[in-house]
file query_2.cif (mmCIF, C-alpha atoms)
data_input
#
loop_
_atom_site.label_atom_id
_atom_site.label_comp_id
_atom_site.auth_asym_id
_atom_site.auth_seq_id
_atom_site.Cartn_x
_atom_site.Cartn_y
_atom_site.Cartn_z
CA MET A 30 -38.82 -21.19 13.44
CA TYR A 31 -35.29 -19.72 13.47
CA THR A 32 -33.64 -16.34 13.97
CA VAL A 33 -31.17 -14.51 11.71
CA ASP A 34 -28.89 -12.13 13.61
CA ALA A 35 -27.83 -8.68 12.41
CA GLY A 36 -25.14 -8.79 9.72
CA HIS A 37 -26.23 -12.23 8.57
CA ILE A 38 -28.37 -13.56 5.72
CA SER A 39 -29.85 -17.02 5.46
CA ILE A 40 -30.95 -19.30 2.71
CA LYS A 41 -32.99 -22.50 2.99
CA TYR A 42 -32.16 -26.01 1.93
CA ASN A 43 -35.17 -28.14 1.04
CA ARG A 44 -34.88 -31.91 0.99
CA LEU A 45 -37.13 -32.06 -2.06
CA SER A 46 -36.08 -29.03 -4.18
CA GLY A 47 -32.54 -28.39 -2.93
CA VAL A 48 -31.12 -24.91 -2.22
CA ASN A 49 -33.74 -22.19 -2.39
CA SER A 50 -32.79 -19.03 -4.28
CA THR A 51 -34.66 -16.81 -1.82
CA THR A 52 -32.59 -15.05 0.85
CA PHE A 53 -33.79 -14.05 4.31
CA ARG A 54 -32.38 -11.10 6.24
CA GLU A 55 -32.19 -10.61 10.01
CA GLY A 56 -35.27 -11.43 12.00
CA VAL A 57 -37.48 -14.42 12.79
CA HIS A 58 -38.38 -16.78 9.96
CA PHE A 59 -40.41 -20.00 9.61
CA MET A 60 -39.37 -23.29 8.12
CA LEU A 61 -40.84 -26.74 7.69
CA PRO A 62 -39.37 -29.17 10.20
CA TRP A 63 -37.28 -31.97 8.72
CA PHE A 64 -37.97 -30.79 5.14
CA GLU A 65 -36.08 -27.50 5.47
CA ARG A 66 -32.98 -26.31 7.31
CA PRO A 67 -31.50 -22.81 7.38
CA ILE A 68 -28.01 -21.98 6.08
CA ILE A 69 -26.78 -18.73 7.60
CA PHE A 70 -23.99 -16.61 6.08
CA ASP A 71 -22.08 -13.86 7.83
CA VAL A 72 -22.13 -11.02 5.27
CA ARG A 73 -19.99 -8.61 7.31
CA ALA A 74 -16.49 -7.76 6.09
CA ARG A 75 -13.85 -9.92 7.75
CA PRO A 76 -10.07 -9.43 7.60
CA HIS A 77 -7.80 -12.03 6.08
CA THR A 78 -4.00 -11.77 6.22
CA MET A 79 -1.77 -13.74 3.89
CA ASN A 80 2.04 -14.07 3.85
CA THR A 81 3.77 -14.93 0.59
CA LEU A 82 7.41 -15.48 -0.32
CA THR A 83 7.98 -14.63 -3.97
CA GLY A 84 10.62 -13.25 -6.32
CA SER A 85 10.95 -9.77 -7.76
CA GLY A 86 11.88 -8.83 -11.31
CA ASP A 87 15.61 -8.76 -10.42
CA LEU A 88 15.41 -12.20 -8.76
CA GLN A 89 15.37 -10.93 -5.17
CA MET A 90 13.31 -12.91 -2.67
CA VAL A 91 10.49 -10.79 -1.22
CA ASN A 92 8.45 -11.62 1.88
CA ILE A 93 5.15 -9.76 1.51
CA SER A 94 2.07 -9.68 3.76
CA LEU A 95 -1.35 -8.66 2.49
CA ARG A 96 -4.53 -7.86 4.40
CA ALA A 97 -7.90 -8.08 2.65
CA LEU A 98 -11.40 -7.32 3.92
CA CYS A 99 -13.79 -9.72 2.20
CA ARG A 100 -17.46 -10.62 2.34
CA PRO A 101 -19.80 -12.71 0.18
CA ASP A 102 -22.02 -11.17 -2.45
CA PRO A 103 -25.46 -11.13 -0.77
CA THR A 104 -27.23 -11.74 -4.08
CA LYS A 105 -25.11 -14.81 -4.89
CA LEU A 106 -25.36 -16.75 -1.63
CA PRO A 107 -27.17 -19.82 -3.11
CA GLU A 108 -24.53 -20.11 -5.84
CA ILE A 109 -21.69 -19.67 -3.31
CA TYR A 110 -23.13 -22.43 -1.14
CA ARG A 111 -23.57 -24.82 -4.08
CA ASN A 112 -20.00 -24.31 -5.36
CA LEU A 113 -17.91 -23.52 -2.28
CA GLY A 114 -19.92 -23.90 0.94
CA THR A 115 -19.95 -21.61 3.95
CA ASP A 116 -16.14 -21.65 4.29
CA TYR A 117 -15.73 -20.11 0.85
CA ASP A 118 -13.06 -17.64 2.03
CA GLN A 119 -10.71 -20.34 3.30
CA LYS A 120 -11.03 -22.23 0.03
CA VAL A 121 -10.59 -19.31 -2.38
CA LEU A 122 -8.61 -16.43 -0.86
CA PRO A 123 -5.26 -18.17 -0.17
CA SER A 124 -4.92 -19.37 -3.75
CA ILE A 125 -5.98 -16.19 -5.53
CA ILE A 126 -3.94 -13.94 -3.21
CA ASN A 127 -0.80 -16.00 -3.85
CA GLU A 128 -1.49 -15.99 -7.56
CA VAL A 129 -1.98 -12.22 -7.78
CA LEU A 130 0.95 -11.35 -5.51
CA LYS A 131 3.40 -13.49 -7.47
CA SER A 132 2.25 -12.10 -10.83
CA VAL A 133 2.40 -8.44 -9.74
CA VAL A 134 5.62 -8.55 -7.70
CA ALA A 135 7.47 -10.22 -10.59
CA GLN A 136 6.89 -7.09 -12.69
CA TYR A 137 8.92 -4.82 -10.37
CA ASN A 138 12.50 -4.70 -9.16
CA ALA A 139 13.26 -4.70 -5.46
CA SER A 140 13.97 -0.96 -5.39
CA GLN A 141 10.73 -0.24 -7.25
CA LEU A 142 8.74 -2.26 -4.73
CA ILE A 143 10.03 0.06 -2.00
CA MET A 144 9.78 3.39 -3.80
CA GLN A 145 6.51 2.63 -5.64
CA ARG A 146 4.74 0.76 -2.88
CA GLU A 147 1.47 2.67 -3.33
CA LEU A 148 1.38 1.87 -7.05
CA VAL A 149 2.12 -1.80 -6.39
CA SER A 150 -0.63 -1.95 -3.76
CA LYS A 151 -3.10 -0.34 -6.17
CA MET A 152 -2.32 -2.85 -8.92
CA ILE A 153 -2.64 -5.78 -6.50
CA ARG A 154 -5.99 -4.45 -5.32
CA GLN A 155 -7.37 -4.09 -8.85
CA ARG A 156 -6.36 -7.58 -9.93
CA LEU A 157 -7.43 -9.21 -6.69
CA VAL A 158 -10.88 -7.56 -6.74
CA GLN A 159 -11.40 -8.69 -10.32
CA ARG A 160 -10.21 -12.20 -9.51
CA ALA A 161 -12.44 -12.51 -6.42
CA LYS A 162 -15.52 -11.52 -8.42
CA ASP A 163 -15.21 -14.79 -10.34
CA PHE A 164 -16.09 -16.54 -7.06
CA ASN A 165 -18.79 -14.01 -6.00
CA ILE A 166 -16.58 -12.58 -3.25
CA LEU A 167 -16.43 -8.85 -2.63
CA LEU A 168 -13.25 -7.16 -1.36
CA ASP A 169 -13.74 -3.88 0.49
CA ASP A 170 -10.06 -3.14 1.09
CA VAL A 171 -6.66 -4.55 0.13
CA ALA A 172 -3.41 -3.29 1.63
CA ILE A 173 0.23 -4.34 1.89
CA THR A 174 1.03 -4.57 5.60
CA HIS A 175 4.61 -5.84 5.45
CA LEU A 176 7.36 -5.94 2.84
CA SER A 177 10.84 -7.30 3.51
CA PHE A 178 13.76 -8.79 1.61
CA SER A 179 16.45 -11.35 2.30
CA PRO A 180 19.10 -10.42 4.90
CA GLU A 181 21.79 -10.40 2.20
CA TYR A 182 19.91 -7.87 0.09
CA GLU A 183 19.10 -5.64 3.06
CA LYS A 184 22.78 -5.67 4.05
CA ALA A 185 23.77 -4.76 0.50
CA VAL A 186 21.28 -1.88 0.45
CA GLU A 187 22.56 -0.63 3.79
CA SER A 188 26.17 -0.78 2.55
CA LYS A 189 25.20 1.13 -0.56
CA GLN A 190 23.49 3.84 1.47
CA VAL A 191 26.53 4.15 3.75
CA ALA A 192 28.80 4.46 0.69
CA GLN A 193 26.55 7.15 -0.78
CA GLN A 194 26.58 9.08 2.50
CA GLN A 195 30.35 8.87 2.67
CA ALA A 196 30.62 10.07 -0.93
CA GLU A 197 28.34 13.01 -0.17
CA ARG A 198 30.39 13.84 2.92
CA ALA A 199 33.64 13.70 0.89
CA ARG A 200 32.10 15.95 -1.76
CA TYR A 201 31.11 18.42 0.93
CA TRP A 202 34.63 18.54 2.34
CA VAL A 203 36.07 19.06 -1.16
CA LEU A 204 33.69 21.94 -1.83
CA LYS A 205 34.47 23.41 1.58
CA ALA A 206 38.21 23.21 0.90
CA GLN A 207 37.72 24.90 -2.46
CA GLU A 208 35.73 27.70 -0.87
CA GLU A 209 38.38 28.14 1.83
CA LYS A 210 41.05 28.33 -0.85
CA LYS A 211 39.09 30.98 -2.75
CA ARG A 212 38.53 32.93 0.46
CA THR A 213 42.26 32.80 1.29
CA ILE A 214 43.20 33.97 -2.22
CA ILE A 215 40.71 36.84 -2.10
CA HIS A 216 41.91 37.85 1.37
CA ALA A 217 45.56 37.75 0.24
CA GLU A 218 44.77 39.85 -2.82
CA GLY A 219 42.95 42.35 -0.63
CA GLU A 220 45.89 42.56 1.76
CA LYS A 221 48.25 43.01 -1.18
CA GLN A 222 46.17 45.82 -2.64
CA SER A 223 45.87 47.43 0.80
CA ALA A 224 49.65 47.29 1.29
CA GLU A 225 50.22 48.79 -2.17
CA MET A 226 47.76 51.59 -1.47
CA ILE A 227 49.38 52.33 1.90
CA GLY A 228 52.84 52.35 0.28
CA ASP A 229 51.68 54.74 -2.42
CA ALA A 230 50.06 56.99 0.18
CA ILE A 231 53.29 57.12 2.22
CA LYS A 232 55.34 57.99 -0.84
CA LYS A 233 52.96 60.77 -1.88
CA ASN A 234 52.27 62.13 1.62
CA PRO A 235 54.74 61.45 4.48
CA GLY A 236 52.14 62.69 6.98
CA PHE A 237 49.99 59.62 6.24
CA ILE A 238 51.80 57.66 8.97
CA GLU A 239 50.98 60.35 11.54
CA LEU A 240 47.29 60.16 10.50
CA ARG A 241 47.29 56.41 10.96
CA LYS A 242 48.85 56.84 14.40
CA ILE A 243 46.10 59.28 15.37
CA ALA A 244 43.39 56.89 14.14
CA THR A 245 44.95 53.99 16.07
CA ALA A 246 45.27 56.14 19.19
CA LYS A 247 41.58 57.02 18.95
CA GLU A 248 40.66 53.34 18.82
CA ILE A 249 42.84 52.56 21.85
CA SER A 250 41.46 55.49 23.82
CA ASN A 251 37.85 54.47 23.02
CA LEU A 252 38.52 50.94 24.26
CA LEU A 253 40.14 52.23 27.44
CA ALA A 254 37.31 54.70 28.05
CA LYS A 255 34.77 51.86 27.99
CA SER A 256 36.87 49.70 30.35
CA ASN A 257 36.28 49.68 34.10
CA ASN A 258 40.03 49.91 34.73
CA ARG A 259 41.70 53.31 34.77
CA LEU A 260 45.20 53.60 33.35
CA VAL A 261 47.53 56.50 32.64
CA LEU A 262 49.40 55.95 29.40
CA SER A 263 52.11 57.98 27.79
CA THR A 264 51.94 59.22 24.26
CA GLU A 265 54.35 56.46 23.22
CA SER A 266 51.89 53.84 24.51
CA LEU A 267 49.09 55.50 22.56
CA LEU A 268 51.31 55.77 19.48
CA LEU A 269 50.98 59.57 19.74
CA ASN A 270 54.64 60.53 20.00
CA LEU A 271 53.92 63.45 17.78
CA MET A 272 56.40 65.73 19.52
CA GLU A 273 59.42 63.57 18.71
CA SER A 274 60.68 66.24 16.33
CA GLY A 275 59.51 69.14 18.51
CA PRO A 276 62.62 69.63 20.76
CA ALA A 277 65.00 69.55 17.81
CA ASP A 278 62.95 72.17 16.05
CA ALA A 279 62.83 74.28 19.22
CA GLN A 280 66.61 74.16 19.64
CA GLY A 281 67.00 75.14 16.00
CA GLN A 282 64.79 78.13 16.60
CA ASN A 283 66.45 79.17 19.91
CA ALA A 284 70.06 78.94 18.62
CA PRO A 285 69.87 81.97 16.30
CA ALA A 286 68.27 83.95 19.11
CA GLY A 287 71.29 83.33 21.40
CA LYS A 288 73.76 84.55 18.76
CA ARG A 289 71.84 87.70 18.43
#
call {"tool": "encode", "arguments": {"input": "query_2.cif", "output": "structure tokens"}}
result
Amino acid sequence: MYTVDAGHISIKYNRLSGVNSTTFREGVHFMLPWFERPIIFDVRARPHTMNTLTGSGDLQMVNISLRALCRPDPTKLPEIYRNLGTDYDQKVLPSIINEVLKSVVAQYNASQLIMQRELVSKMIRQRLVQRAKDFNILLDDVAITHLSFSPEYEKAVESKQVAQQQAERARYWVLKAQEEKKRTIIHAEGEKQSAEMIGDAIKKNPGFIELRKIATAKEISNLLAKSNNRLVLSTESLLLNLMESGPADAQGQNAPAGKR
């Protein structure tokens, strides 16, 4: 009598007939002493991690780590035991994982391995699952856990990225300088047109200057009104010396009256 734990399946070896094709699941089972002995397989998925150093399509050395969850095919346990034994995973997985990784990685360049990592992982999974089926091993999951390159290549990639960033920064400063130049030209043209318009207005209407003085005085008075300080300013300070011609005109008007 023997017991099969949960997650395990057993087969029997008979001294007369060899490995029995019947499988026994968890529970208590009977056997003939001396003539039979149980062979128990763990059919739960177990993780296996493999590290491989291989070359990419552009001859760059790649250090890649792969994790696979594997378990035996419950219907093929007698065949697995006859051909491989109970340590089937240690005998098969290292060789087929190295084989598949080297064949897949060689199809991609180093940059493609980084940018198309999901596609590379999917192709490795498909080929590895198909390859493991030849040995009656089932793979529940396959994933790339680590991917690195030689220090020289990583340094070259870093230098390239720094150069690209510097080029982008230089392009930004060039565009900024061009925009500043355009802004300066537009501002200068606006000032030129404004000066021409003011000159034309002065020629056509001499009172334009007095109107500008009044507008400026209004702005100054509004600023002073909002200030907490109180000042008394003359008309000259407010640019409102509008009576500068007043006394001359008054004398001109009073002179004829004195003669009379």
call {"tool": "residues_around", "arguments": {"input": "query_2.cif", "residues": "range 84-86 of chain A", "least_positions_apart": "6", "cutoff": "8 Å", "atoms": "all atoms listed in the file", "output": "list in words"}}
result
Lys131, Val134, Ala135, Gln136, Tyr137, Asn138 and Ala139 of chain A
call {"tool": "resolve_selection", "arguments": {"input": "query_2.cif", "expression": "the PyMOL selection byres ((chain A and resi 61) around 12)", "output": "PyMOL selection string"}}
result
chain A and resi 30-31+41-45+58-60+62-67
call {"tool": "residues_near_point", "arguments": {"input": "query_2.cif", "point": "(-2.2, -15.2, -1.5)", "cutoff": "9 Å", "atoms": "only C-alpha atoms", "output": "PyMOL selection string"}}
result
chain A and resi 78-81+94-95+122-131
call {"tool": "atom_distance", "arguments": {"input": "query_2.cif", "atom1": "CA of Gln145 in chain A", "atom2": "CA of Val91 in chain A"}}
result
14.7 Å
call {"tool": "closest_residue", "arguments": {"input": "query_2.cif", "among": "A:Val171, A:Leu113, A:Val33, A:Val72", "to": "Arg96 in chain A", "atoms": "all atoms listed in the file"}}
result
A:Val171
call {"tool": "atom_distance", "arguments": {"input": "query_2.cif", "atom1": "CA of Ser177 in chain A", "atom2": "CA of Met144 in chain A"}}
result
13.0 Å
call {"tool": "atom_distance", "arguments": {"input": "query_2.cif", "atom1": "CA of His216 in chain A", "atom2": "CA of Asp229 in chain A"}}
result
19.9 Å
